[in-house]
Every structure is written in C-alpha cells, then in structure tokens.
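run_6.txt (compact mmCIF, C-alpha atoms) appears below.
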```txt
# COMPACT_ATOMS: atom_id res chain seq x y z
CA MET A 95 -7.94 -43.93 6.17
CA ILE A 96 -4.51 -44.04 7.78
CA GLN A 97 -3.24 -47.20 9.46
CA LEU A 98 -0.57 -47.61 12.12
CA THR A 99 1.67 -50.65 12.30
CA GLU A 100 2.18 -52.41 15.61
CA ALA A 101 5.56 -50.78 15.96
CA ALA A 102 4.06 -47.35 15.32
CA VAL A 103 1.34 -47.86 17.92
CA ALA A 104 3.95 -48.85 20.51
CA ALA A 105 6.18 -45.92 19.59
CA VAL A 106 3.34 -43.39 19.85
CA LYS A 107 2.33 -44.72 23.29
CA ARG A 108 5.94 -44.63 24.43
CA SER A 109 6.38 -41.07 23.18
CA ILE A 110 3.27 -39.90 25.03
CA VAL A 111 4.62 -41.33 28.28
CA GLU A 112 8.10 -39.90 27.67
CA ALA A 113 6.61 -36.48 26.95
CA GLY A 114 4.76 -36.63 30.29
CA LYS A 115 1.38 -36.25 28.60
CA PRO A 116 -1.89 -37.90 29.63
CA GLU A 117 -2.71 -41.25 28.06
CA GLU A 118 -5.71 -39.77 26.19
CA THR A 119 -3.49 -37.32 24.25
CA TYR A 120 -4.18 -37.15 20.51
CA LEU A 121 -1.56 -37.55 17.81
CA ARG A 122 -2.14 -35.11 14.97
CA VAL A 123 -0.96 -36.44 11.62
CA ARG A 124 -0.89 -33.84 8.89
CA VAL A 125 0.49 -32.75 5.59
CA LYS A 126 2.31 -29.43 5.43
CA GLY A 127 3.52 -27.35 2.52
CA GLY A 128 7.21 -26.87 1.83
CA GLY A 129 10.26 -29.08 1.71
CA CYS A 130 12.24 -30.17 -1.35
CA SER A 131 9.31 -31.86 -3.04
CA GLY A 132 6.62 -29.41 -1.97
CA LEU A 133 4.81 -31.41 0.73
CA SER A 134 5.97 -32.80 4.05
CA TYR A 135 4.52 -34.71 6.98
CA GLY A 136 3.90 -33.40 10.47
CA LEU A 137 3.30 -35.24 13.73
CA ASN A 138 2.49 -33.54 17.01
CA PHE A 139 0.56 -34.17 20.18
CA GLU A 140 -2.61 -32.24 20.98
CA SER A 141 -5.03 -32.32 23.85
CA ASP A 142 -8.23 -31.57 21.90
CA PRO A 143 -9.53 -31.97 18.37
CA GLU A 144 -10.46 -29.02 16.17
CA ALA A 145 -14.07 -28.72 15.02
CA ASP A 146 -13.47 -30.18 11.55
CA ASP A 147 -11.01 -32.91 12.57
CA ARG A 148 -11.72 -36.56 12.02
CA VAL A 149 -10.74 -38.65 15.06
CA VAL A 150 -9.46 -42.13 14.28
CA GLU A 151 -8.73 -44.59 17.07
CA GLN A 152 -6.55 -47.60 16.61
CA ASP A 153 -5.29 -49.92 19.35
CA GLY A 154 -5.62 -47.21 21.97
CA VAL A 155 -3.93 -44.48 19.88
CA ARG A 156 -6.15 -41.55 18.93
CA LEU A 157 -5.28 -39.77 15.70
CA LEU A 158 -6.46 -36.37 14.52
CA LEU A 159 -6.78 -35.73 10.80
CA ASP A 160 -7.83 -32.40 9.32
CA PRO A 161 -9.86 -32.62 6.09
CA ARG A 162 -7.12 -31.30 3.83
CA SER A 163 -4.42 -33.61 5.13
CA GLU A 164 -6.78 -36.55 5.00
CA LEU A 165 -7.02 -36.18 1.23
CA TYR A 166 -3.28 -36.70 0.90
CA LEU A 167 -3.02 -39.40 3.56
CA ALA A 168 -5.75 -41.78 2.36
CA GLY A 169 -4.37 -45.31 2.45
CA THR A 170 -1.17 -44.32 4.22
CA ARG A 171 0.56 -46.77 6.54
CA LEU A 172 2.53 -45.17 9.35
CA ASP A 173 5.38 -47.32 10.58
CA HIS A 174 8.14 -46.89 13.11
CA THR A 175 11.58 -48.29 12.55
CA SER A 176 14.65 -48.46 14.71
CA GLY A 177 17.99 -49.79 13.70
CA LEU A 178 21.56 -48.95 12.84
CA ASN A 179 20.43 -46.47 10.19
CA GLY A 180 18.46 -44.46 12.70
CA GLN A 181 14.98 -44.54 14.06
CA GLY A 182 11.74 -42.74 13.52
CA PHE A 183 8.31 -42.77 11.95
CA THR A 184 8.06 -43.53 8.27
CA PHE A 185 5.12 -42.89 5.99
CA HIS A 186 4.17 -45.31 3.26
CA ASN A 187 1.85 -43.13 1.24
CA PRO A 188 0.28 -44.51 -1.95
CA ASN A 189 -0.58 -40.96 -3.03
CA ALA A 190 3.07 -39.89 -3.14
CA THR A 191 4.37 -39.69 -6.69
CA GLY A 192 7.90 -38.82 -5.67
CA GLY A 193 10.09 -37.95 -2.74
CA CYS A 194 13.35 -36.26 -1.94
CA GLY A 195 16.72 -37.66 -1.02
CA CYS A 196 16.47 -36.64 2.59
CA GLY A 197 13.14 -38.46 2.92
CA LYS A 198 11.38 -35.59 4.62
CA SER A 199 9.15 -34.43 1.82
CA PHE A 200 7.05 -35.83 -0.99
CA ALA A 201 5.12 -34.86 -4.08
CA ALA A 202 1.55 -35.92 -4.80
CA MET B 116 44.85 -1.49 -13.56
CA SER B 117 42.35 -2.43 -16.28
CA SER B 118 39.74 0.08 -17.47
CA ALA B 119 37.09 -1.99 -15.72
CA ARG B 120 38.84 -2.13 -12.37
CA ALA B 121 39.67 1.59 -12.58
CA ALA B 122 35.98 2.35 -13.18
CA LEU B 123 34.94 0.28 -10.17
CA ALA B 124 37.59 1.95 -8.00
CA ALA B 125 36.32 5.38 -9.06
CA LEU B 126 32.76 4.38 -8.13
CA ALA B 127 33.91 3.12 -4.75
CA GLY B 128 35.61 6.46 -4.13
CA ASN B 129 32.34 8.37 -4.52
CA ARG B 130 31.50 9.59 -1.01
CA SER B 131 27.96 10.85 -1.55
CA THR B 132 24.82 9.47 0.07
CA CYS B 133 21.66 9.41 -2.03
CA TRP B 134 18.06 8.32 -1.82
CA ILE B 135 15.64 6.97 -4.37
CA GLY B 136 12.01 5.91 -4.36
CA LEU B 137 11.61 2.24 -5.25
CA HIS B 138 8.42 1.94 -7.26
CA GLY B 139 6.39 -1.20 -6.87
CA GLN B 140 8.05 -2.37 -3.67
CA ARG B 141 5.56 -4.33 -1.54
CA LEU B 142 5.61 -5.38 2.10
CA LEU B 143 4.21 -8.57 3.62
CA GLU B 144 3.85 -9.30 7.30
CA VAL B 145 3.78 -13.00 8.13
CA THR B 146 2.51 -13.98 11.56
CA GLY B 147 1.22 -17.08 13.30
CA LEU B 148 2.56 -19.79 15.52
CA GLU B 149 4.25 -21.69 12.70
CA ARG B 150 5.52 -18.74 10.65
CA LEU B 151 9.20 -19.61 10.96
CA GLU B 152 8.83 -23.31 10.23
CA PHE B 153 6.51 -22.55 7.31
CA LEU B 154 8.86 -20.02 5.70
CA GLN B 155 11.92 -22.20 6.33
CA GLY B 156 10.32 -24.82 4.08
CA LEU B 157 9.82 -22.35 1.23
CA LEU B 158 12.66 -19.82 1.23
CA THR B 159 16.33 -20.48 0.45
CA GLN B 160 17.69 -18.41 3.33
CA ASP B 161 17.94 -19.66 6.91
CA LEU B 162 15.66 -17.39 8.92
CA ARG B 163 17.67 -18.07 12.07
CA VAL B 164 20.87 -16.44 10.82
CA ALA B 165 20.23 -12.86 11.87
CA PRO B 166 17.16 -12.12 13.99
CA GLY B 167 16.37 -8.42 13.93
CA ARG B 168 18.47 -7.81 10.81
CA ALA B 169 17.36 -8.01 7.21
CA VAL B 170 18.75 -10.86 5.15
CA ALA B 171 18.56 -11.43 1.42
CA SER B 172 16.84 -14.59 0.29
CA ALA B 173 15.49 -16.23 -2.80
CA MET B 174 12.49 -18.41 -3.43
CA ALA B 175 12.73 -21.34 -5.79
CA ASP B 176 10.20 -23.58 -7.44
CA ARG B 177 10.44 -27.33 -7.04
CA LYS B 178 13.03 -27.58 -9.81
CA GLY B 179 15.23 -24.83 -8.41
CA GLY B 180 13.94 -22.10 -10.76
CA TRP B 181 14.30 -18.57 -9.43
CA ILE B 182 10.88 -17.11 -8.64
CA ALA B 183 11.57 -14.30 -6.17
CA ASP B 184 14.33 -12.27 -4.50
CA PRO B 185 12.85 -11.01 -1.22
CA TRP B 186 14.43 -9.32 1.76
CA LEU B 187 13.40 -10.79 5.12
CA LEU B 188 13.40 -9.34 8.58
CA VAL B 189 12.58 -11.62 11.50
CA ASP B 190 11.43 -9.87 14.64
CA ASP B 191 9.73 -11.12 17.78
CA HIS B 192 6.18 -11.43 16.44
CA SER B 193 6.40 -11.22 12.67
CA VAL B 194 8.49 -11.92 9.64
CA TRP B 195 8.56 -8.89 7.35
CA ILE B 196 9.13 -9.68 3.68
CA THR B 197 9.64 -7.10 0.98
CA ALA B 198 10.02 -7.51 -2.77
CA ARG B 199 9.06 -5.77 -5.99
CA THR B 200 5.55 -6.35 -7.36
CA GLY B 201 6.33 -9.12 -9.89
CA PRO B 202 8.32 -11.45 -7.65
CA PHE B 203 6.15 -10.42 -4.70
CA ALA B 204 3.03 -11.76 -6.45
CA ALA B 205 4.79 -14.99 -7.41
CA MET B 206 6.03 -15.40 -3.85
CA VAL B 207 2.60 -14.86 -2.29
CA ALA B 208 1.09 -17.34 -4.75
CA GLN B 209 3.71 -19.87 -3.67
CA LEU B 210 2.92 -19.24 0.02
CA GLU B 211 -0.80 -19.68 -0.69
CA ARG B 212 -0.22 -22.89 -2.62
CA HIS B 213 1.74 -24.41 0.26
CA ARG B 214 -0.19 -23.09 3.23
CA PHE B 215 -2.21 -26.30 3.70
CA THR B 216 -2.62 -26.71 7.42
CA ALA B 217 0.09 -24.33 8.62
CA ARG B 218 -0.87 -22.00 11.45
CA VAL B 219 0.25 -18.93 9.64
CA GLU B 220 -1.31 -15.73 8.33
CA TRP B 221 -0.08 -12.91 6.16
CA ARG B 222 -1.21 -9.48 5.10
CA GLU B 223 0.02 -6.34 3.43
CA PRO B 224 -0.15 -3.95 6.38
CA LEU B 225 0.46 -0.89 4.18
CA GLY B 226 -1.78 -2.00 1.33
CA PRO B 227 -0.66 -2.91 -2.19
CA ALA B 228 1.09 0.41 -2.91
CA PRO B 229 3.26 1.54 0.00
CA ARG B 230 6.06 4.06 -0.47
CA ALA B 231 9.56 2.57 -0.38
CA ILE B 232 12.60 4.77 -0.03
CA LEU B 233 16.16 3.52 -0.24
CA ALA B 234 19.08 5.52 1.14
CA PHE B 235 22.28 4.24 -0.42
CA GLY B 236 25.85 5.13 -1.20
CA SER B 237 28.81 5.76 0.96
CA GLY B 238 27.82 6.99 4.40
CA ALA B 239 24.27 5.64 4.22
CA ALA B 240 24.83 4.10 7.66
CA ARG B 241 24.43 7.58 9.17
CA VAL B 242 20.91 7.97 7.81
CA ALA B 243 19.06 5.64 10.20
CA PRO B 244 20.26 7.37 13.40
CA ALA B 245 19.71 10.77 11.81
CA LEU B 246 16.07 9.80 11.22
CA GLY B 247 15.72 8.57 14.80
CA LEU B 248 15.70 4.90 13.83
CA ALA B 249 17.67 3.34 16.63
CA THR B 250 19.79 0.24 16.47
CA GLY B 251 18.87 -2.04 19.36
CA THR B 252 21.33 -2.87 22.09
CA ASP B 253 21.05 -6.49 20.95
CA GLY B 254 22.32 -5.53 17.49
CA ARG B 255 18.89 -5.43 15.86
CA GLU B 256 18.74 -3.13 12.88
CA GLY B 257 15.20 -2.89 11.66
CA GLY B 258 11.56 -3.32 12.52
CA GLY B 259 8.44 -1.26 12.93
CA PHE B 260 8.56 2.48 13.55
CA ALA B 261 6.08 5.31 13.80
CA SER B 262 5.32 7.15 10.57
CA PRO B 263 2.68 9.92 10.42
CA GLY B 264 0.14 7.75 8.56
CA GLY B 265 0.73 4.55 10.54
CA GLN B 266 3.47 2.07 11.23
CA GLY B 267 6.35 1.83 8.77
CA VAL B 268 9.10 -0.77 8.60
CA TRP B 269 12.80 -0.11 8.22
CA MET B 270 15.63 -2.47 7.50
CA ARG B 271 19.24 -2.38 6.44
CA VAL B 272 19.45 -4.05 3.05
CA ASP B 273 22.42 -4.63 0.80
CA GLU B 274 21.18 -3.48 -2.60
CA THR B 275 24.35 -1.48 -3.26
CA SER B 276 26.26 -1.84 0.02
CA PRO B 277 25.60 -3.20 3.52
CA GLU B 278 24.96 0.37 4.70
CA ASP B 279 21.80 0.79 2.59
CA LEU B 280 18.64 1.73 4.46
CA LEU B 281 15.17 0.79 3.23
CA LEU B 282 12.07 2.51 4.58
CA VAL B 283 8.65 1.16 3.67
CA VAL B 284 5.97 3.58 4.81
CA PRO B 285 2.31 4.40 4.12
CA ALA B 286 1.90 5.87 0.63
CA ALA B 287 0.82 9.24 1.96
CA ASP B 288 4.00 9.59 4.04
CA GLY B 289 6.43 9.66 1.14
CA GLU B 290 6.77 13.42 1.08
CA PHE B 291 7.31 13.57 4.84
CA TRP B 292 10.24 11.14 4.73
CA ARG B 293 11.68 12.72 1.61
CA SER B 294 11.87 16.08 3.39
CA ARG B 295 13.36 14.42 6.49
CA LEU B 296 16.07 12.83 4.33
CA GLU B 297 16.92 16.06 2.59
CA ALA B 298 17.16 17.90 5.91
CA ILE B 299 19.95 15.64 7.17
CA GLU B 300 23.41 17.25 7.31
CA PRO B 301 25.26 16.68 5.08
CA PRO B 302 22.19 16.31 2.83
CA VAL B 303 21.06 13.05 1.35
CA ALA B 304 20.49 13.91 -2.30
CA ALA B 305 17.86 12.47 -4.61
CA ALA B 306 19.35 10.02 -7.09
CA ASP B 307 18.05 9.28 -10.56
CA ARG B 308 17.30 5.81 -11.93
CA GLU B 309 20.63 5.53 -13.76
CA GLN B 310 22.68 6.45 -10.70
CA PHE B 311 20.92 3.80 -8.68
CA ARG B 312 21.15 1.20 -11.45
CA LEU B 313 24.88 1.83 -11.72
CA ALA B 314 25.33 1.37 -7.96
CA ARG B 315 23.26 -1.83 -8.02
CA ILE B 316 25.23 -3.25 -10.94
CA ALA B 317 28.55 -2.30 -9.35
CA ALA B 318 27.48 -4.24 -6.25
CA GLY B 319 26.49 -7.21 -8.42
CA THR B 320 22.91 -7.26 -7.12
CA PRO B 321 20.54 -8.97 -9.56
CA TRP B 322 16.85 -8.13 -9.65
CA HIS B 323 14.33 -10.80 -10.36
CA GLY B 324 12.18 -9.78 -13.32
CA VAL B 325 14.98 -7.58 -14.67
CA ASP B 326 18.07 -9.80 -14.73
CA GLY B 327 16.41 -13.20 -14.64
CA ASP B 328 13.23 -15.11 -13.97
CA GLU B 329 11.98 -18.61 -13.20
CA SER B 330 13.68 -19.97 -16.32
CA VAL B 331 17.07 -19.67 -14.59
CA LEU B 332 18.23 -21.61 -11.56
CA VAL B 333 18.78 -19.97 -8.19
CA PRO B 334 22.53 -20.81 -8.03
CA GLU B 335 23.02 -19.22 -11.44
CA ALA B 336 21.39 -15.96 -10.44
CA VAL B 337 22.00 -15.15 -6.79
CA ALA B 338 24.96 -14.97 -4.44
CA ASN B 339 25.70 -17.98 -2.31
CA ASP B 340 24.91 -16.08 0.88
CA ARG B 341 21.21 -16.02 -0.08
CA VAL B 342 21.09 -19.79 0.08
CA SER B 343 21.41 -22.12 3.03
CA LEU B 344 22.48 -25.71 2.58
CA GLU B 345 22.48 -26.39 6.30
CA LYS B 346 18.96 -25.60 7.46
CA GLY B 347 17.27 -28.67 5.96
CA CYS B 348 14.62 -29.36 3.40
CA TYR B 349 13.01 -26.51 1.41
CA LEU B 350 11.40 -26.14 -1.97
CA GLY B 351 14.01 -26.52 -4.72
CA GLN B 352 16.75 -27.40 -2.25
CA GLU B 353 17.70 -30.71 -3.88
CA THR B 354 18.52 -29.07 -7.20
CA ILE B 355 20.30 -26.16 -5.54
CA ALA B 356 22.38 -28.44 -3.32
CA ARG B 357 23.31 -30.69 -6.24
CA ILE B 358 24.56 -27.75 -8.28
CA ARG B 359 26.47 -26.22 -5.40
CA HIS B 360 28.18 -29.47 -4.44
CA ARG B 361 29.10 -30.32 -8.01
CA GLY B 362 30.37 -26.76 -8.45
CA ARG B 363 28.88 -26.56 -11.94
CA VAL B 364 26.50 -24.06 -13.41
CA ARG B 365 25.51 -23.60 -17.06
CA GLN B 366 25.81 -19.85 -16.77
CA ARG B 367 26.10 -17.20 -14.14
CA LEU B 368 24.94 -13.63 -13.74
CA VAL B 369 28.12 -11.55 -13.50
CA ARG B 370 29.34 -7.98 -13.83
CA ALA B 371 30.99 -6.75 -17.01
CA TRP B 372 32.63 -3.53 -18.13
CA LEU B 373 31.70 -2.41 -21.64
CA ALA B 374 33.67 -0.07 -23.90
CA ALA B 375 30.39 1.25 -25.25
CA PRO B 376 27.29 3.13 -24.12
CA PRO B 377 24.75 0.98 -22.24
CA PRO B 378 23.24 -1.51 -24.69
CA ALA B 379 19.62 -2.60 -24.52
CA PRO B 380 18.86 -5.57 -22.29
CA GLY B 381 19.08 -8.79 -24.28
CA MET B 382 22.12 -7.68 -26.32
CA GLU B 383 24.29 -10.71 -27.04
CA ILE B 384 27.95 -10.94 -26.09
CA LEU B 385 30.16 -12.82 -28.52
CA GLY B 386 33.37 -14.72 -27.96
CA SER B 387 36.54 -14.38 -30.04
CA THR B 388 35.23 -16.77 -32.71
CA GLY B 389 31.80 -15.19 -32.90
CA GLU B 390 29.96 -17.67 -30.68
CA VAL B 391 27.40 -16.32 -28.20
CA VAL B 392 28.96 -16.40 -24.71
CA GLY B 393 26.61 -14.12 -22.83
CA ARG B 394 23.72 -11.68 -22.78
CA ILE B 395 23.24 -8.26 -21.20
CA THR B 396 20.45 -7.89 -18.62
CA SER B 397 21.08 -4.44 -17.04
CA ALA B 398 23.48 -1.67 -17.98
CA ALA B 399 24.26 1.89 -16.89
CA PRO B 400 26.70 4.51 -18.16
CA LEU B 401 29.94 5.16 -16.26
CA PRO B 402 30.88 8.78 -15.54
CA GLY B 403 34.24 8.42 -17.34
CA GLY B 404 32.83 6.70 -20.43
CA GLY B 405 31.84 3.14 -21.19
CA SER B 406 29.29 1.34 -19.09
CA LEU B 407 28.84 -1.28 -16.46
CA ALA B 408 26.50 -4.21 -16.93
CA LEU B 409 25.07 -7.31 -15.39
CA ALA B 410 25.12 -10.10 -17.94
CA TRP B 411 24.71 -13.82 -18.25
CA ARG B 412 28.08 -15.42 -18.85
CA ARG B 413 28.26 -19.00 -20.07
CA ALA B 414 30.37 -21.28 -17.89
CA GLY B 415 33.80 -22.10 -19.23
CA THR B 416 34.07 -19.07 -21.52
CA PRO B 417 37.50 -17.41 -21.68
CA GLY B 418 38.14 -14.31 -19.61
CA HIS B 419 39.20 -12.25 -22.62
CA GLY B 420 38.24 -11.57 -26.22
CA ALA B 421 34.53 -10.95 -25.62
CA ARG B 422 32.64 -8.17 -27.42
CA LEU B 423 29.13 -6.89 -27.82
CA ALA B 424 27.24 -8.09 -30.89
CA THR B 425 27.11 -4.44 -32.01
CA GLY B 426 30.81 -3.93 -31.30
CA GLY B 427 32.66 -2.77 -28.21
CA GLN B 428 34.99 -4.68 -25.94
CA VAL B 429 33.55 -6.58 -22.98
CA GLU B 430 35.68 -7.19 -19.91
CA TRP B 431 34.27 -9.72 -17.48
CA LEU B 432 34.59 -8.72 -13.83
CA ASP B 433 33.47 -12.00 -12.28
CA GLU B 434 33.96 -15.68 -12.97
CA ALA B 435 31.08 -17.68 -14.38
CA GLY B 436 31.98 -20.93 -12.67
CA GLY B 437 32.18 -24.24 -14.44
CA GLU B 438 34.20 -27.38 -14.06
CA ASP B 439 37.48 -25.52 -13.92
CA SER B 440 36.36 -22.66 -11.72
CA PRO B 441 33.53 -23.71 -9.42
CA PRO B 442 31.54 -20.97 -7.72
CA ALA B 443 32.66 -20.49 -4.15
CA VAL B 444 30.62 -22.30 -1.54
CA ALA B 445 29.90 -20.03 1.41
```

This structure in structure tokens:
Amino acid sequence: MIQLTEAAVAAVKRSIVEAGKPEETYLRVRVKGGGCSGLSYGLNFESDPEADDRVVEQDGVRLLLDPRSELYLAGTRLDHTSGLNGQGFTFHNPNATGGCGCGKSFAA
Amino acid sequence: MSSARAALAALAGNRSTCWIGLHGQRLLEVTGLERLEFLQGLLTQDLRVAPGRAVASAMADRKGGWIADPWLLVDDHSVWITARTGPFAAMVAQLERHRFTARVEWREPLGPAPRAILAFGSGAARVAPALGLATGTDGREGGGFASPGGQGVWMRVDETSPEDLLLVVPAADGEFWRSRLEAIEPPVAAADREQFRLARIAAGTPWHGVDGDESVLVPEAVANDRVSLEKGCYLGQETIARIRHRGRVRQRLVRAWLAAPPPAPGMEILGSTGEVVGRITSAAPLPGGGSLALAWRRAGTPGHGARLATGGQVEWLDEAGGEDSPPAVA
C-alpha cells in the first residue's frame, strides 16, 4: 500500500484546485519503464478508474494504482517538499535498489 | 596529401548514384498516446529534434552498452523505427521489458521481412522527387507512401551521406521499386555489397552487430549526434553523460586506411612496439589499391607507426579520444 504524507495530501489537493479540476479527481500513481535506471514514477490526474485499478483513499485524496505499478510501489511513502533546493513530490520506495543522479528514475 | 586522404578525396569525387537492397532491415511502427514520452526514456536521441525527418539514434542498456542503432522518423501519428534484424530484435525486447503501464503499442506493419532499398552516393537527393516522393512544405522528408502491395515508408538516412534515401516496402514490391529506380535518368545503378560497404566505411557509419555490440559503450561506437544530453533521463544516460563530460573513452570506432587488401574482421592492429592498439571490424578494397576500414582504436595511441598483425601500414583517419584529445561534444 502507498501512503501520502500530510504535505503530499495538501499538495495534491492544491494541485487539483490549481488545475481547475473537480474535487473528486483521482491521482494516478504509477511506475513507467525508461529513465537512467530503467524505471520511473508517473503522476497524473484522471477522472475515472480503469477496470483493474485499485482505488485508495487517504484524507480526501483518491489514488489510482494499476496492478503492475502496485507491485513496485508497495510500502512507498509519497512526500512533497518545498524549499531552496526546489519543490516537488518525492517517492520513498523500499523496493528501490538504486537510483540515478537526477532522481527521476530507480531500479528495483 | 597522404595516401589515405587521397583515397578519401577520390571516393568523394565519384559522382554516381547507386542503389542496394538491405537484407534483414525491419520496420516498426510505434503508436499510442504516450509513444514519444515512452521512447524518449529508452532511446539516446531526442525525438523532438527533427519532426518529419529521420534521425539516427542508439539504444543503450542500463550500463551504457550499445544494443541497437535504429533510424527514427517521427510523424503526426506514429514513430517509425527501422533497424537490421539483430539490433531490431534486441530493441523490441527492450521496449517490451519497459512497457509497464505506458499507453503505447507497436507492430511491424510490413511483417518481419519487408524489402528495404537504399539509394546512395552523390546525387541521391534527386531520387526521392524522381520517384514522386515529395518533400513537405514544412521541410518534412519522409513518411508513408503508396506502394503497389500496401503502404511503404521512406526516409532520408545518412548511411553514406545525408542525401541517402531509404525505402521500406512490402516484400512483393521490391521488383517494382527496383525497376522504377533503374528507369530514372540518369540511371541509378545497382551496387554490390563491397561498393556499399566502402561508402559506409568512408562515411564512418558503424553497424551494430558488425562493428560492435552490447559489450562496447555507446560513446565509443556512435557519433555524438546520435546522443542527446539535454533531453533528460533515459536508459544508460548516466554512463553516457559521465563519459562525454569527462571526455574519456577506452577506445573508439574510427576509420583507417590500410596498405593491404581488406583483412578479415577481428584482425589486430599493432603499434610500433608490437602492442595491440586496435582491431578491424569492417573493411573494403579501394579502387586504387589498399583498403579502407572501420576499426577499434585504443585511446591515447600514437597517430603513426601502426600496422596490421599480418603486415601492412595502417593510417588512422580519426582520433580515438582520450585524456589528451577528448571526443568533441556536439
């Protein structure tokens, strides 16, 4: 199961409003192929789940996880940071065995 | 002028246009909403650089090993990718391995054995218009076109020069396009394997599976313009970027002039004290004697005094790179 930090929940809600989307919009969290280390993360808004998606709700944020991504995201904590070094979502994934310098991809 | 430079100048002065059938060339059509993003994460080239025009790329494994040398053509609805059978299979396996959740599909629209015809040589630019393949007003040079047995794909590739034209058509249409090529005035003549190999070597175009494989690194094997360091994260990019920024390679695939008939691939090249400084991968005879080769050249080896293990002077035509002479960064 994936968990969102308080900061991530707030950031997702803020992003939905800023994107002009309805409050009930889903956030799809997924693993994609490619990138320096072979796997990378993807986040995007969607209005409806796919048939085989698992829907996870936390603190008013509704996440969509497809079965394949879920395997790689089990136990992941999704955080959101903002500071002098930049801001954005960060994944703390216990399944990742390595990452790349740019921080955008991982190996598992 | 050295013998080597004189030989290259003589080749450049040849004004004939030729065609050759490329056996084992395959064609992949990649479609789907996320096709560009997906391929950007797996290929070394930036797919945004030249929409509607073919660009040379490479595909690397996670450690930067060279696994394929495809040509890509991005048009409005598809990305067309062509490569020879060996690297093509490795490339498709890599796509399959990394597909995960990407909204992307691919297929071989002409089946596993299409007919590929390359027009090359000086004046090859005239062939596309003569065949009725129009360049778009937006500068596009390539895409789908009607062939008797179904849709073919054409693109301008740089196997021997930027004027080269590649047609990939249904297998049964080969004879039709061959006769169309030979009816052009002045005629486009059929070339043999050695003529084409010589032109490819003279242009310094390596072929995956012939000149190198996954045991060599992408920056050692391919030209810098096949690799983007600006587009972001892709498979093998960390290794490639590190090598390019340090300006150091262990070896590099370069051109060499040989004062001998073409040796067999794998022939060692020795330095002045007998140490191995390189290895031949492709070679073809020159019309005036001697031969031209692509060979691995160890970084830091002197520019003179090299010879084939069986005898015969070797004159390097390109630098290998190394601490003192880093490969140029595009």

**OP:** Find the residues around Ala410 of chain B up to 9 Å (all atoms listed in the file counted), leave out those fewer than 3 positions away in its own chain, and share them as a PyMOL selection string.
**Re:** chain B and resi 326+367-371+380-381+384+393-398

Closest-contact table, chain B side, partner chain A, 10 Å, counting only C-alpha atoms, as a Markdown table:
```
| residue | atom | partner | partner_atom | distance |
| --- | --- | --- | --- | --- |
| B:Glu152 | CA | A:Gly128 | CA | 9.3 |
| B:Phe153 | CA | A:Gly128 | CA | 7.0 |
| B:Leu154 | CA | A:Gly128 | CA | 8.0 |
| B:Gln155 | CA | A:Gly128 | CA | 8.0 |
| B:Gly156 | CA | A:Gly128 | CA | 4.4 |
| B:Leu157 | CA | A:Gly128 | CA | 5.3 |
| B:Leu158 | CA | A:Gly128 | CA | 8.9 |
| B:Ala175 | CA | A:Cys130 | CA | 9.9 |
| B:Asp176 | CA | A:Gly132 | CA | 8.8 |
| B:Arg177 | CA | A:Ser131 | CA | 6.1 |
| B:Lys178 | CA | A:Ser131 | CA | 8.8 |
| B:Gly179 | CA | A:Cys130 | CA | 9.3 |
| B:Gln209 | CA | A:Gly128 | CA | 9.6 |
| B:Leu210 | CA | A:Gly127 | CA | 8.5 |
| B:Glu211 | CA | A:Gly127 | CA | 9.4 |
| B:Arg212 | CA | A:Gly127 | CA | 7.8 |
| B:His213 | CA | A:Gly127 | CA | 4.1 |
| B:Arg214 | CA | A:Gly127 | CA | 5.7 |
| B:Phe215 | CA | A:Lys126 | CA | 5.8 |
| B:Thr216 | CA | A:Lys126 | CA | 6.0 |
| B:Ala217 | CA | A:Lys126 | CA | 6.4 |
| B:Gly347 | CA | A:Gly129 | CA | 8.2 |
| B:Cys348 | CA | A:Gly129 | CA | 4.7 |
| B:Tyr349 | CA | A:Gly129 | CA | 3.8 |
| B:Leu350 | CA | A:Cys130 | CA | 4.2 |
| B:Gly351 | CA | A:Cys130 | CA | 5.3 |
| B:Gln352 | CA | A:Cys130 | CA | 5.4 |
| B:Glu353 | CA | A:Cys130 | CA | 6.0 |
| B:Thr354 | CA | A:Cys130 | CA | 8.7 |
| B:Ile355 | CA | A:Cys130 | CA | 9.9 |
```

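For the pair atom CA of Val429 of chain B and atom CA of Ile316 of chain B, the interatomic distance is 15.0 Å.
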
Original post:
In Å to one decimal, how far is atom CA of Asp142 of chain A from atom CA of Ala113 of chain A?
Top reply: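 Taking atom CA of Ala113 of chain A as the start and atom CA of Asp142 of chain A as the end point, the length is 16.4 Å.
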
**OP:** Would you mind listing what lies within 10 Å of Ala286 of chain B as number ranges by chain, with only C-alpha atoms counted and same-chain residues fewer than 6 positions away left out?
**Re:** B: 225-231, 264

**OP:** Identify which of the residues A:Pro188, A:Leu121, A:Glu100, A:Gly114 lies closest to Arg148 of chain A, counting all atoms listed in the file when measuring atom-to-atom distances.
**Re:**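 The answer is A:Leu121, which sits nearest to Arg148 of chain A.
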
May I have the residues at most 12 Å from (2.8, -43.0, 5.1) in the file's coordinates, counting only C-alpha atoms, as a JSON list (two decimals) with C-alpha atoms, keeping the file's coordinate frame?
```json
[["chain", "number", "residue", "atom", "x", "y", "z"],
["A", 95, "MET", "CA", -7.94, -43.93, 6.17],
["A", 96, "ILE", "CA", -4.51, -44.04, 7.78],
["A", 97, "GLN", "CA", -3.24, -47.20, 9.46],
["A", 98, "LEU", "CA", -0.57, -47.61, 12.12],
["A", 99, "THR", "CA", 1.67, -50.65, 12.30],
["A", 102, "ALA", "CA", 4.06, -47.35, 15.32],
["A", 123, "VAL", "CA", -0.96, -36.44, 11.62],
["A", 124, "ARG", "CA", -0.89, -33.84, 8.89],
["A", 125, "VAL", "CA", 0.49, -32.75, 5.59],
["A", 134, "SER", "CA", 5.97, -32.80, 4.05],
["A", 135, "TYR", "CA", 4.52, -34.71, 6.98],
["A", 136, "GLY", "CA", 3.90, -33.40, 10.47],
["A", 137, "LEU", "CA", 3.30, -35.24, 13.73],
["A", 163, "SER", "CA", -4.42, -33.61, 5.13],
["A", 164, "GLU", "CA", -6.78, -36.55, 5.00],
["A", 166, "TYR", "CA", -3.28, -36.70, 0.90],
["A", 167, "LEU", "CA", -3.02, -39.40, 3.56],
["A", 168, "ALA", "CA", -5.75, -41.78, 2.36],
["A", 169, "GLY", "CA", -4.37, -45.31, 2.45],
["A", 170, "THR", "CA", -1.17, -44.32, 4.22],
["A", 171, "ARG", "CA", 0.56, -46.77, 6.54],
["A", 172, "LEU", "CA", 2.53, -45.17, 9.35],
["A", 173, "ASP", "CA", 5.38, -47.32, 10.58],
["A", 174, "HIS", "CA", 8.14, -46.89, 13.11],
["A", 183, "PHE", "CA", 8.31, -42.77, 11.95],
["A", 184, "THR", "CA", 8.06, -43.53, 8.27],
["A", 185, "PHE", "CA", 5.12, -42.89, 5.99],
["A", 186, "HIS", "CA", 4.17, -45.31, 3.26],
["A", 187, "ASN", "CA", 1.85, -43.13, 1.24],
["A", 188, "PRO", "CA", 0.28, -44.51, -1.95],
["A", 189, "ASN", "CA", -0.58, -40.96, -3.03],
["A", 190, "ALA", "CA", 3.07, -39.89, -3.14],
["A", 193, "GLY", "CA", 10.09, -37.95, -2.74],
["A", 197, "GLY", "CA", 13.14, -38.46, 2.92],
["A", 198, "LYS", "CA", 11.38, -35.59, 4.62],
["A", 199, "SER", "CA", 9.15, -34.43, 1.82],
["A", 200, "PHE", "CA", 7.05, -35.83, -0.99]]
```
